$ cat entry-v8.tsv   # TSV, C-alpha atoms
chain	number	residue	atom	x	y	z
P	19	MET	CA	28.33	60.64	7.61
P	20	LEU	CA	31.77	59.76	6.26
P	21	HIS	CA	32.03	59.78	2.48
P	22	ILE	CA	34.94	57.79	1.03
P	23	ILE	CA	36.04	58.77	-2.48
P	24	ASN	CA	38.57	56.73	-4.47
P	25	LYS	CA	38.20	58.31	-7.94
P	26	SER	CA	40.10	61.23	-9.43
P	27	PRO	CA	37.90	64.36	-9.59
P	28	TYR	CA	39.32	64.98	-13.08
P	29	ASP	CA	38.06	61.61	-14.31
P	30	ARG	CA	34.77	60.95	-12.52
P	31	PRO	CA	32.12	63.14	-10.89
P	32	ALA	CA	32.06	61.26	-7.55
P	33	LEU	CA	33.27	64.31	-5.63
P	34	ASP	CA	30.55	66.49	-7.16
P	35	SER	CA	27.94	63.91	-6.17
P	36	VAL	CA	29.18	63.91	-2.59
P	37	LEU	CA	29.32	67.71	-2.34
P	38	ALA	CA	25.72	67.79	-3.55
P	39	THR	CA	24.64	65.75	-0.51
P	40	GLY	CA	25.15	68.81	1.70
P	41	GLU	CA	27.54	68.21	4.60
P	42	GLY	CA	29.70	65.71	6.45
P	43	ALA	CA	33.21	64.32	6.30
P	44	ILE	CA	35.07	63.31	3.16
P	45	LEU	CA	38.00	60.91	3.12
P	46	LEU	CA	40.01	60.89	-0.10
P	47	ILE	CA	41.79	57.61	-0.85
P	48	GLU	CA	43.48	55.97	-3.87
P	49	ASP	CA	42.97	58.14	-7.00
P	50	GLY	CA	40.60	60.31	-4.95
P	51	VAL	CA	43.63	61.99	-3.34
P	52	TYR	CA	44.24	64.01	-6.50
P	53	ALA	CA	41.41	66.23	-5.27
P	54	ALA	CA	43.64	67.24	-2.33
P	55	ALA	CA	46.46	68.64	-4.49
P	56	LYS	CA	46.99	72.38	-4.74
P	57	GLY	CA	46.98	74.27	-8.00
P	58	GLY	CA	44.50	72.22	-9.99
P	59	ALA	CA	41.19	73.24	-11.52
P	60	GLU	CA	39.28	71.42	-8.73
P	61	GLU	CA	40.92	73.42	-5.92
P	62	SER	CA	38.36	76.22	-5.72
P	63	LYS	CA	35.49	73.75	-5.57
P	64	ILE	CA	36.99	72.04	-2.53
P	65	LYS	CA	37.94	75.31	-0.83
P	66	GLY	CA	34.36	76.45	-1.31
P	67	ALA	CA	33.00	73.27	0.30
P	68	MET	CA	35.21	73.40	3.39
P	69	GLY	CA	32.56	75.18	5.44
P	70	LYS	CA	30.18	72.24	5.03
P	71	PHE	CA	32.56	69.31	4.78
P	72	LYS	CA	35.64	68.25	6.71
P	73	PHE	CA	38.26	66.88	4.31
P	74	TYR	CA	40.75	64.09	4.98
P	75	ALA	CA	43.27	62.37	2.68
P	76	LEU	CA	45.16	59.12	3.13
P	77	THR	CA	48.94	59.60	3.47
P	78	VAL	CA	50.11	56.45	1.69
P	79	ASP	CA	48.06	57.28	-1.40
P	80	LEU	CA	49.37	60.86	-1.47
P	81	GLU	CA	52.94	59.58	-1.17
P	82	ALA	CA	52.48	56.95	-3.88
P	83	ARG	CA	51.32	59.63	-6.33
P	84	GLY	CA	54.07	62.10	-5.45
P	85	ILE	CA	51.70	64.77	-4.13
P	86	ALA	CA	52.17	64.51	-0.34
P	87	ASP	CA	54.05	67.84	-0.46
P	88	ARG	CA	51.24	69.75	-2.16
P	89	VAL	CA	48.16	69.03	-0.07
P	90	MET	CA	46.01	72.16	0.19
P	91	ASP	CA	45.50	73.89	3.54
P	92	GLY	CA	42.43	72.74	5.43
P	93	ILE	CA	42.74	69.08	4.46
P	94	THR	CA	43.79	66.73	7.26
P	95	VAL	CA	46.22	64.00	6.31
P	96	VAL	CA	45.56	60.63	8.00
P	97	ASP	CA	47.27	57.23	8.11
P	98	TYR	CA	45.48	53.86	8.13
P	99	ALA	CA	44.83	54.16	11.89
P	100	GLY	CA	43.26	57.56	11.24
P	101	PHE	CA	41.11	55.95	8.53
P	102	VAL	CA	39.83	53.44	11.11
P	103	ASP	CA	39.13	56.24	13.61
P	104	LEU	CA	37.09	58.14	11.03
P	105	VAL	CA	34.99	55.07	10.27
P	106	ALA	CA	34.49	54.41	13.99
P	107	ASP	CA	33.66	58.03	14.84
P	108	ASN	CA	31.04	58.49	12.13
P	109	LYS	CA	27.64	56.86	12.51
P	110	THR	CA	27.56	55.78	8.89
P	111	CYS	CA	30.01	55.70	6.01
P	112	GLN	CA	29.56	55.42	2.31
P	113	SER	CA	32.07	54.46	-0.37
P	114	TRP	CA	31.34	56.21	-3.67
P	115	LEU	CA	32.62	53.73	-6.25
L	17	MET	CA	59.62	42.58	-40.42
L	18	THR	CA	57.28	45.42	-41.32
L	19	THR	CA	57.65	48.37	-39.00
L	20	LYS	CA	54.47	50.13	-38.02
L	21	LYS	CA	53.87	53.29	-36.06
L	22	PHE	CA	52.28	52.45	-32.70
L	23	MET	CA	50.95	55.02	-30.27
L	24	MET	CA	49.85	54.05	-26.77
L	25	VAL	CA	47.33	56.57	-25.47
L	26	ASN	CA	47.44	56.83	-21.67
L	27	ARG	CA	44.48	58.52	-20.01
L	28	LYS	CA	44.36	56.89	-16.56
L	29	ALA	CA	46.04	57.77	-13.28
L	30	PRO	CA	48.62	55.23	-12.03
L	31	TYR	CA	47.95	52.69	-9.25
L	32	GLY	CA	44.16	53.16	-8.93
L	33	THR	CA	43.66	50.81	-11.89
L	34	ILE	CA	45.90	48.36	-13.78
L	35	TYR	CA	45.67	50.25	-17.10
L	36	ALA	CA	48.92	52.18	-16.76
L	37	TRP	CA	50.91	49.00	-16.13
L	38	GLU	CA	49.22	47.20	-19.01
L	39	ALA	CA	50.16	50.06	-21.34
L	40	LEU	CA	53.77	49.76	-20.26
L	41	GLU	CA	53.74	46.02	-20.92
L	42	VAL	CA	52.46	46.60	-24.44
L	43	VAL	CA	55.05	49.34	-25.05
L	44	LEU	CA	57.83	46.92	-24.13
L	45	ILE	CA	56.38	44.14	-26.30
L	46	ALA	CA	56.05	46.46	-29.30
L	47	ALA	CA	59.57	47.78	-28.73
L	48	ALA	CA	60.93	44.22	-28.51
L	49	PHE	CA	59.51	43.67	-32.01
L	50	GLU	CA	61.37	46.80	-33.12
L	51	GLN	CA	58.24	48.79	-33.86
L	52	ASP	CA	58.12	52.58	-33.99
L	53	VAL	CA	56.55	53.27	-30.58
L	54	SER	CA	55.36	56.52	-29.05
L	55	LEU	CA	53.34	57.30	-25.94
L	56	ALA	CA	50.76	60.02	-25.50
L	57	PHE	CA	49.64	61.15	-22.05
L	58	LEU	CA	46.28	62.89	-21.81
L	59	ASP	CA	43.82	63.67	-19.02
L	60	ASP	CA	44.68	61.76	-15.79
L	61	GLY	CA	47.37	59.87	-17.74
L	62	VAL	CA	49.74	62.79	-17.10
L	63	TYR	CA	49.79	61.75	-13.42
L	64	GLN	CA	51.71	58.60	-14.42
L	65	LEU	CA	54.74	60.77	-15.15
L	66	LYS	CA	54.63	62.86	-11.95
L	67	LYS	CA	57.97	62.60	-10.18
L	68	GLY	CA	58.48	61.60	-6.56
L	69	HIS	CA	56.23	58.55	-6.33
L	70	GLN	CA	56.83	56.84	-2.96
L	71	THR	CA	54.83	53.64	-3.23
L	72	LYS	CA	56.15	51.69	-0.23
L	73	GLY	CA	53.00	52.43	1.75
L	74	ILE	CA	50.67	50.93	-0.85
L	75	GLU	CA	53.08	48.07	-1.58
L	76	VAL	CA	53.24	48.34	-5.35
L	77	LYS	CA	56.15	49.06	-7.68
L	78	ALA	CA	56.62	52.72	-8.64
L	79	PHE	CA	56.74	53.86	-12.23
L	80	GLU	CA	59.55	56.36	-12.11
L	81	LYS	CA	62.48	54.03	-12.87
L	82	THR	CA	60.64	52.35	-15.71
L	83	TRP	CA	60.18	55.64	-17.57
L	84	GLY	CA	63.93	56.21	-17.40
L	85	ALA	CA	64.56	52.72	-18.83
L	86	LEU	CA	62.38	53.24	-21.94
L	87	GLU	CA	65.27	54.91	-23.69
L	88	ASP	CA	67.13	51.57	-23.61
L	89	TYR	CA	64.32	50.18	-25.76
L	90	ASP	CA	64.59	53.11	-28.19
L	91	VAL	CA	61.27	54.46	-26.92
L	92	THR	CA	61.93	58.19	-26.72
L	93	LYS	CA	58.74	59.75	-28.03
L	94	LEU	CA	56.68	60.79	-25.01
L	95	TYR	CA	54.03	63.38	-25.73
L	96	VAL	CA	52.12	65.13	-22.95
L	97	ALA	CA	49.03	67.28	-23.36
L	98	GLN	CA	49.62	70.84	-22.16
L	99	GLU	CA	45.94	71.35	-21.28
L	100	SER	CA	45.90	68.22	-19.09
L	101	LEU	CA	48.98	69.36	-17.16
L	102	ALA	CA	47.58	72.85	-16.63
L	103	GLU	CA	44.20	71.60	-15.43
L	104	ARG	CA	45.99	69.59	-12.74
L	105	GLY	CA	48.35	72.38	-11.67
L	106	LEU	CA	51.39	70.61	-13.16
L	107	THR	CA	54.21	71.67	-15.48
L	108	ALA	CA	56.90	69.71	-17.34
L	109	ASP	CA	59.21	70.36	-14.35
L	110	ASP	CA	56.96	68.14	-12.22
L	111	LEU	CA	57.57	65.14	-14.47
L	112	ALA	CA	60.08	62.33	-13.91
L	113	VAL	CA	61.48	62.25	-17.47
L	114	PRO	CA	61.95	64.68	-20.36
L	115	VAL	CA	58.85	64.82	-22.54
L	116	GLU	CA	57.48	66.85	-25.39
L	117	VAL	CA	54.60	69.01	-24.19
L	118	LEU	CA	52.10	69.58	-26.98
L	119	SER	CA	48.59	70.93	-27.36
L	120	ARG	CA	45.80	68.37	-27.60
L	121	ALA	CA	45.33	69.46	-31.22
L	122	ASP	CA	48.98	68.69	-32.04
L	123	ILE	CA	48.69	65.31	-30.34
L	124	GLY	CA	45.60	64.77	-32.48
L	125	LYS	CA	47.69	65.37	-35.59
L	126	LEU	CA	50.27	62.82	-34.40
L	127	MET	CA	47.45	60.33	-33.88
L	128	GLU	CA	46.49	60.76	-37.54
L	129	GLU	CA	50.02	59.68	-38.53
L	130	GLN	CA	49.87	56.34	-36.69
L	131	ASP	CA	49.21	52.87	-38.08
L	132	VAL	CA	48.00	51.54	-34.74
L	133	LEU	CA	46.53	53.35	-31.73
L	134	LEU	CA	46.05	51.51	-28.45
L	135	SER	CA	44.09	53.20	-25.70
L	136	PHE	CA	44.62	52.65	-21.98
$ encode --input "entry-v8.tsv" --output "C-alpha cells"
Amino acid sequence: MLHIINKSPYDRPALDSVLATGEGAILLIEDGVYAAAKGGAEESKIKGAMGKFKFYALTVDLEARGIADRVMDGITVVDYAGFVDLVADNKTCQSWL
Amino acid sequence: MTTKKFMMVNRKAPYGTIYAWEALEVVLIAAAFEQDVSLAFLDDGVYQLKKGHQTKGIEVKAFEKTWGALEDYDVTKLYVAQESLAERGLTADDLAVPVEVLSRADIGKLMEEQDVLLSF
C-alpha cells in the first residue's frame, strides 16, 4: 500500500497514524515533505521506521520549501512521473488528509 | 488616525494552505494605514521564512522577496520562536531575512503588549 501524506509532521499526526499501520510505502508531498528534512525532532522517528516503510518525497515540494538540499539519507526523491509510477506499482493507495 | 499595535501570529507552513499569504495581505493593509505592525512566527510558521524557496515547480509565487520588501512599509519587527526553529533543525542563518529570535515566553510577553492580535 502507498500512503500519501501532505501534512507537516510538526503540525498534524498523520505520519504517526501511517507508521502505526505497520508497513508499506510512504510518499511525502506538499507540507508532508517537512518530514524528509534532516536535523528536526521527527528525524529519529522516520529513521526508525525505515525498516518497515520505504520513504519517498516529491521534488517540487522540497524545492518550493527550500529543503531539497537537506533530505535525509534513505528517502528517495521523485518527480511527478515517479509519483505516477508509485501509484501504478502499488495495489492500493491512501491519501491521509 | 489612532495608531494601534498589531501583531500577526503566523503558525502555518507556506504553500500548503493560504494562511501565510493572507497574513501578508493583512500586514500590508495595516502598514498602509500606518499602524504599528509586528509579525511573530511560531510552530510551522517559521518555515515561511526559510531561505531558498524555489517555487517554479509548484507554480506559485515564492515568499522570499516579499519579506525583503516589508522594510519599505516600515514593518521591521519580525519575531521568531527559538524553540520552533530548534525543533525543526533550523537556525537564524537558515532564514531569508534578519529576525529577532526570542523564546516563546518572551514572544508571549510581546503579545501582552499588543492592542490587536491576528492569528494565521
$ residues_around --input "entry-v8.tsv" --residues "Ala97 (chain L)" --least-positions-apart "3" --cutoff "12 Å" --atoms "all atoms listed in the file" --output "JSON, numbers by chain"
{"L": [25, 26, 27, 55, 56, 57, 58, 59, 60, 61, 62, 63, 65, 94, 100, 101, 102, 103, 104, 106, 107, 108, 115, 116, 117, 118, 119, 120, 121, 122, 123, 124, 126]}
$ write_last_selection --input "entry-v8.tsv" --atoms "C-alpha atoms" --output "compact mmCIF listing (two decimals), keeping the file's coordinate frame"
# COMPACT_ATOMS: atom_id res chain seq x y z
CA VAL L 25 47.33 56.57 -25.47
CA ASN L 26 47.44 56.83 -21.67
CA ARG L 27 44.48 58.52 -20.01
CA LEU L 55 53.34 57.30 -25.94
CA ALA L 56 50.76 60.02 -25.50
CA PHE L 57 49.64 61.15 -22.05
CA LEU L 58 46.28 62.89 -21.81
CA ASP L 59 43.82 63.67 -19.02
CA ASP L 60 44.68 61.76 -15.79
CA GLY L 61 47.37 59.87 -17.74
CA VAL L 62 49.74 62.79 -17.10
CA TYR L 63 49.79 61.75 -13.42
CA LEU L 65 54.74 60.77 -15.15
CA LEU L 94 56.68 60.79 -25.01
CA SER L 100 45.90 68.22 -19.09
CA LEU L 101 48.98 69.36 -17.16
CA ALA L 102 47.58 72.85 -16.63
CA GLU L 103 44.20 71.60 -15.43
CA ARG L 104 45.99 69.59 -12.74
CA LEU L 106 51.39 70.61 -13.16
CA THR L 107 54.21 71.67 -15.48
CA ALA L 108 56.90 69.71 -17.34
CA VAL L 115 58.85 64.82 -22.54
CA GLU L 116 57.48 66.85 -25.39
CA VAL L 117 54.60 69.01 -24.19
CA LEU L 118 52.10 69.58 -26.98
CA SER L 119 48.59 70.93 -27.36
CA ARG L 120 45.80 68.37 -27.60
CA ALA L 121 45.33 69.46 -31.22
CA ASP L 122 48.98 68.69 -32.04
CA ILE L 123 48.69 65.31 -30.34
CA GLY L 124 45.60 64.77 -32.48
CA LEU L 126 50.27 62.82 -34.40
$ interface_residues --input "entry-v8.tsv" --of "chain P" --to "chain L" --cutoff "7 Å" --atoms "all atoms listed in the file" --output "list in words"
Tyr28, Asp29, Glu48, Asp49, Gly57, Gly58, Ala59, Val78, Asp79, Glu81, Ala82, Arg83 and Gly84 of chain P
$ residues_around --input "entry-v8.tsv" --residues "region 43-54 of chain L" --least-positions-apart "5" --cutoff "7 Å" --atoms "all atoms listed in the file" --output "list of chain:residue names"
L:Thr19, L:Lys20, L:Lys21, L:Phe22, L:Met23, L:Met24, L:Tyr89, L:Val91, L:Lys93, L:Leu94
$ atom_distance --input "entry-v8.tsv" --atom1 "CA of Leu40 (chain L)" --atom2 "CA of Arg88 (chain P)"
27.1 Å
$ residues_around --input "entry-v8.tsv" --residues "Tyr74 (chain P)" --least-positions-apart "5" --cutoff "8 Å" --atoms "only C-alpha atoms" --output "VMD selection string"
chain P and resid 43 to 46 93 to 96
$ residues_around --input "entry-v8.tsv" --residues "Lys109 (chain P)" --least-positions-apart "5" --cutoff "12 Å" --atoms "only C-alpha atoms" --output "number ranges by chain"
P: 19-21, 42-43, 103-104
$ residues_around --input "entry-v8.tsv" --residues "Lys25 (chain P)" --least-positions-apart "5" --cutoff "7 Å" --atoms "all atoms listed in the file" --output "number ranges by chain"
P: 30, 32, 49-50
$ write_last_selection --input "entry-v8.tsv" --atoms "C-alpha atoms" --output "mmCIF file, in the coordinates of the input"
data_model
loop_
_atom_site.group_PDB
_atom_site.id
_atom_site.type_symbol
_atom_site.label_atom_id
_atom_site.label_comp_id
_atom_site.auth_asym_id
_atom_site.auth_seq_id
_atom_site.Cartn_x
_atom_site.Cartn_y
_atom_site.Cartn_z
ATOM 1 C CA ARG P 30 34.770 60.950 -12.520
ATOM 2 C CA ALA P 32 32.060 61.260 -7.550
ATOM 3 C CA ASP P 49 42.970 58.140 -7.000
ATOM 4 C CA GLY P 50 40.600 60.310 -4.950
#
$ residues_near_point --input "entry-v8.tsv" --point "(58.2, 57.3, -16.8)" --cutoff "8 Å" --atoms "only C-alpha atoms" --output "ChimeraX atom specification"
/L:64-65,79-84,86,112-113
$ axis_aligned_box --input "entry-v8.tsv" --around "region 45-57 of chain L" --padding-each-side "8 Å" --output "JSON"
{"center_x": 55.5, "center_y": 52.4, "center_z": -28.0, "size_x": 27.7, "size_y": 33.5, "size_z": 27.9}
$ atom_distance --input "entry-v8.tsv" --atom1 "CA of Ile47 (chain P)" --atom2 "CA of Gln98 (chain L)"
26.3 Å
$ atom_distance --input "entry-v8.tsv" --atom1 "CA of Phe136 (chain L)" --atom2 "CA of Ala54 (chain P)"
24.5 Å
$ closest_residue --input "entry-v8.tsv" --among "P:Tyr52, P:Phe73, P:Phe101, P:Trp114" --to "Ile23 (chain P)" --atoms "all atoms listed in the file"
P:Trp114
$ decode --input "entry-v8.tsv" --residues "region 33-104 of chain P" --atoms "C-alpha atoms" --output "CSV table (one decimal), in the first residue's frame"
chain,number,residue,atom,x,y,z
P,33,LEU,CA,2.6,10.5,9.8
P,34,ASP,CA,2.2,8.8,13.2
P,35,SER,CA,-1.1,7.3,12.1
P,36,VAL,CA,0.5,5.9,9.0
P,37,LEU,CA,3.5,4.5,10.8
P,38,ALA,CA,1.1,2.7,13.2
P,39,THR,CA,-0.4,0.8,10.2
P,40,GLY,CA,2.7,-1.4,10.1
P,41,GLU,CA,4.5,-1.4,6.7
P,42,GLY,CA,4.4,-0.2,3.1
P,43,ALA,CA,5.5,2.8,1.1
P,44,ILE,CA,5.1,6.5,2.1
P,45,LEU,CA,5.1,9.4,-0.3
P,46,LEU,CA,5.6,12.8,1.2
P,47,ILE,CA,4.0,15.7,-0.7
P,48,GLU,CA,3.1,19.3,-0.1
P,49,ASP,CA,3.7,20.2,3.6
P,50,GLY,CA,4.3,16.5,4.2
P,51,VAL,CA,7.9,16.9,2.8
P,52,TYR,CA,9.0,18.6,6.0
P,53,ALA,CA,9.2,15.1,7.5
P,54,ALA,CA,12.0,14.4,5.0
P,55,ALA,CA,14.3,17.2,6.3
P,56,LYS,CA,17.4,16.4,8.3
P,57,GLY,CA,18.0,17.8,11.8
P,58,GLY,CA,14.5,18.1,13.0
P,59,ALA,CA,12.8,16.4,16.0
P,60,GLU,CA,10.9,14.0,13.7
P,61,GLU,CA,14.1,12.6,12.1
P,62,SER,CA,14.7,9.7,14.5
P,63,LYS,CA,11.1,8.6,14.2
P,64,ILE,CA,11.5,8.3,10.4
P,65,LYS,CA,14.9,6.6,10.6
P,66,GLY,CA,13.4,4.1,13.0
P,67,ALA,CA,10.6,3.3,10.6
P,68,MET,CA,12.8,2.8,7.5
P,69,GLY,CA,13.0,-1.0,8.0
P,70,LYS,CA,9.2,-1.3,7.6
P,71,PHE,CA,8.4,1.6,5.2
P,72,LYS,CA,10.0,2.8,2.0
P,73,PHE,CA,10.0,6.6,2.0
P,74,TYR,CA,9.6,8.9,-1.0
P,75,ALA,CA,9.4,12.7,-1.2
P,76,LEU,CA,8.2,14.9,-4.1
P,77,THR,CA,11.0,17.1,-5.6
P,78,VAL,CA,8.9,20.1,-6.5
P,79,ASP,CA,7.5,20.4,-3.0
P,80,LEU,CA,11.0,20.1,-1.4
P,81,GLU,CA,12.3,22.8,-3.8
P,82,ALA,CA,9.4,25.1,-3.0
P,83,ARG,CA,10.1,24.9,0.7
P,84,GLY,CA,13.9,25.3,0.3
P,85,ILE,CA,14.7,21.9,1.8
P,86,ALA,CA,15.7,19.9,-1.3
P,87,ASP,CA,19.4,20.1,-0.1
P,88,ARG,CA,18.7,18.6,3.3
P,89,VAL,CA,16.7,15.4,2.6
P,90,MET,CA,17.8,12.6,4.9
P,91,ASP,CA,19.6,9.5,3.7
P,92,GLY,CA,17.3,6.7,2.8
P,93,ILE,CA,14.5,8.8,1.4
P,94,THR,CA,14.0,8.6,-2.4
P,95,VAL,CA,13.3,11.8,-4.2
P,96,VAL,CA,10.7,11.5,-7.0
P,97,ASP,CA,9.3,13.8,-9.7
P,98,TYR,CA,5.7,13.8,-10.9
P,99,ALA,CA,6.4,10.9,-13.2
P,100,GLY,CA,7.8,9.0,-10.2
P,101,PHE,CA,4.6,9.8,-8.3
P,102,VAL,CA,2.6,8.2,-11.1
P,103,ASP,CA,4.8,5.1,-11.1
P,104,LEU,CA,4.4,4.7,-7.3
